[in-house]
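Visitor: Have a look at the structure that comes next, please.
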Amino acid sequence: MDAAQAVEWAQARAEALVGALAGRDRAVLEVDGREVRLTHLGRSLFPAGETKLDLLRYLLSVAPVLLSHLADRPLTLVRSPDGTPSTAFFQKNPPPGAPTWLATAAVEGGRQLLARTSADLALFAQWAAVELHVPPARLRQGDLVPDQLVVDLDPMPPAAWPEVRRAARGVRRLMEAAGVRSFPKLSGATGLHVYVPVVAGPADPPTARVAAGLGRLLAAAAPDLYTVVRAVARRRGVYVDAGQNGRGRTLAAPYSVRLGDAPRVSTPLDWDEVDEAHPDAHTIHTVPERLVRRGDLFAAALGPPQPLAALAELAAPWLDRR
DNA sequence: GCATTCC
DNA sequence: GGAATGCAACGCTTT
DNA sequence: AAAGCG
């Protein structure tokens, strides 16, 4: 079964499960053989009135692909019970009272949340965990091993989406020059993330250093477009944030909803779409249907991995510069 | 959203 | 009993 | 040394 079929099935199941909840504010949902207690289903989480029930419907609809991108990655939830970004809080450890069936992983001394099933996602909806963040690294035998290099493009006002598009084209060319496949997605806020599935050889520098080198390379070639300067006041154009590849860093997962003035989704794109796409066009209302039509454009961002050396070589002259 | 702690 | 509080975390940079 | 940043 391919991604489109899986989502079609999941969407039908979501409609059936959520349909049975219509008009109710509390309920017990049975999914994947688990019982999830739901409350405040009518609570609005976005200005246009999308509710916790809408978030639940979305998460269940995209569950097969969303879960594939969360697998083996310790989760950071961004919870906002009233939908307001300013009152949101992070949660990475299981809260007291969490159901015993919710999986956790031992990560660097603590226990962190994992998502494995649709029941897990339903629980996160109940928790008003609007954003699901994961590291570009996977758990393997208790260790967190980087499996993706991410170039995070963030426009600094007055730069905006048009500048991000131009910046993305440059990143695409750079990745083509390195001979690696790369995959763009909307951050769901104002920026864009480019993912490269990689595997590091023993002699390779860490992905964070390679990403920082690529950022400096881009900024040297087009200083009006790219900036790698940390100090916010001195940034111009599009900020290339290599820090997202560092230890313990996370990004909004593919297909994660984002908090804000609309339920935008961090949506994978085709490279050829980047010039036409706009973040506002991809929300919980549009992404499930898009998945059925296009499949999961990020499936190959999970692998097969490509040698990090291909990028390390390009970045080499810039690795230890500033 | 909810368990815990504080007054 | 009702209100307040915590719920991540850390290296790197700038000041 | 402390504060800012993501």
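FYI, nothing fancy with the structure tokens labels: chains A, B, ... in order, residues from 1 per chain, ligands from 1 as they appear.
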With 10 Å as the cut-off and only C-alpha atoms (C1' of nucleotides) counted, what is the closest atom pair between each nearby residue of chain C and chain A? Distances in Å to one decimal, ordered by chain and number, as JSON lines.

Guide:
{"residue": "C:DG6", "atom": "C1'", "partner": "A:Phe89", "partner_atom": "CA", "distance": 9.6}
{"residue": "C:DC7", "atom": "C1'", "partner": "A:Gln91", "partner_atom": "CA", "distance": 5.8}
{"residue": "C:DA8", "atom": "C1'", "partner": "A:Phe90", "partner_atom": "CA", "distance": 6.3}
{"residue": "C:DA9", "atom": "C1'", "partner": "A:Gly248", "partner_atom": "CA", "distance": 8.2}
{"residue": "C:DC10", "atom": "C1'", "partner": "A:Gly248", "partner_atom": "CA", "distance": 8.4}
{"residue": "C:DG11", "atom": "C1'", "partner": "A:Gly246", "partner_atom": "CA", "distance": 8.7}
{"residue": "C:DC12", "atom": "C1'", "partner": "A:Gly243", "partner_atom": "CA", "distance": 9.0}
{"residue": "C:DT13", "atom": "C1'", "partner": "A:Arg230", "partner_atom": "CA", "distance": 6.7}
{"residue": "C:DT14", "atom": "C1'", "partner": "A:Ala231", "partner_atom": "CA", "distance": 7.0}

Visitor: Please report as a tab-separated table (two decimals) with C-alpha atoms (C1' of nucleotides), in the first residue's frame which residues of chain D come no farther than 12 Å from chain A, using only C-alpha atoms (C1' of nucleotides).

Guide:
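Contents of out.tsv, freshly written:
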chain	number	residue	atom	x	y	z
D	4	DG	C1'	20.58	36.74	23.74
D	5	DC	C1'	19.48	33.56	20.33
D	6	DG	C1'	17.25	29.42	18.08

Visitor: Measure the distance from atom CA of Arg235 of chain A to atom CA of Met175 of chain A in Å and round it to one decimal.

Guide: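 Going from atom CA of Arg235 of chain A over to atom CA of Met175 of chain A covers 24.0 Å.
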
Visitor: If we count only C-alpha atoms (C1' of nucleotides), which residues of chain B reach to within 9 Å of chain A? Please list them as a VMD selection string.

Guide: chain B and resid 1 to 3

Visitor: Quick one: pick out all strand (DSSP E) residues within segment 201-254 of chain A from a backbone DSSP run and write them as an NGL selection string.

Guide: :A and (226-227 or 238-241 or 251-252)

Visitor: Distance atom CA of Ala106 of chain A-atom CA of Asp147 of chain A, one decimal place?

Guide: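 Here the two named atoms are 18.8 Å from each other.
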
Visitor: Excluding same-chain residues fewer than 2 positions from DC7 of chain B, what lies within 12 Å of it counting only C-alpha atoms (C1' of nucleotides), as a list in words?

Guide: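 So, after excluding close chain neighbours, the residues are DT5 of chain B; DG1, DG2, DA3 and DA4 of chain C.
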
Visitor: As a PDB file with C-alpha atoms, in the first residue's frame, please: the residues near Val28 of chain A (cut-off 9 Å, only C-alpha atoms (C1' of nucleotides), same-chain neighbours under 2 positions excluded).

Guide:
ATOM      1  CA  ARG A  26     -16.195  15.050  25.754  1.00  0.00           C
ATOM      2  CA  GLU A  30     -11.297   3.953  20.840  1.00  0.00           C
ATOM      3  CA  GLU A  35      -8.979   4.349  24.833  1.00  0.00           C
ATOM      4  CA  VAL A  36      -8.280   8.066  24.681  1.00  0.00           C
ATOM      5  CA  ARG A  37     -10.253  10.378  26.931  1.00  0.00           C
ATOM      6  CA  LEU A  38     -11.165  13.547  25.093  1.00  0.00           C
ATOM      7  CA  THR A  39     -12.432  16.826  26.587  1.00  0.00           C
TER       8      THR A  39
END

Visitor: Once DSSP has gone over the backbone, tell me which residues of segment 121-179 of chain A are in helix (DSSP H, G or I), as a list in words.

Guide: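 Helix (DSSP H, G or I) members of segment 121-179 of chain A, listed: Leu121, Ala122, Leu123, Phe124, Ala125, Gln126, Trp161, Pro162, Glu163, Val164, Arg165, Arg166, Ala167, Ala168, Arg169, Gly170, Val171, Arg172, Arg173, Leu174, Met175, Glu176, Ala177 and Ala178 of chain A.
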
Visitor: Enter the distance from atom CA of Val265 of chain A to atom CA of His278 of chain A, in Å, rounded to one decimal.

Guide: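 We find that atom CA of Val265 of chain A and atom CA of His278 of chain A lie 11.3 Å from each other.
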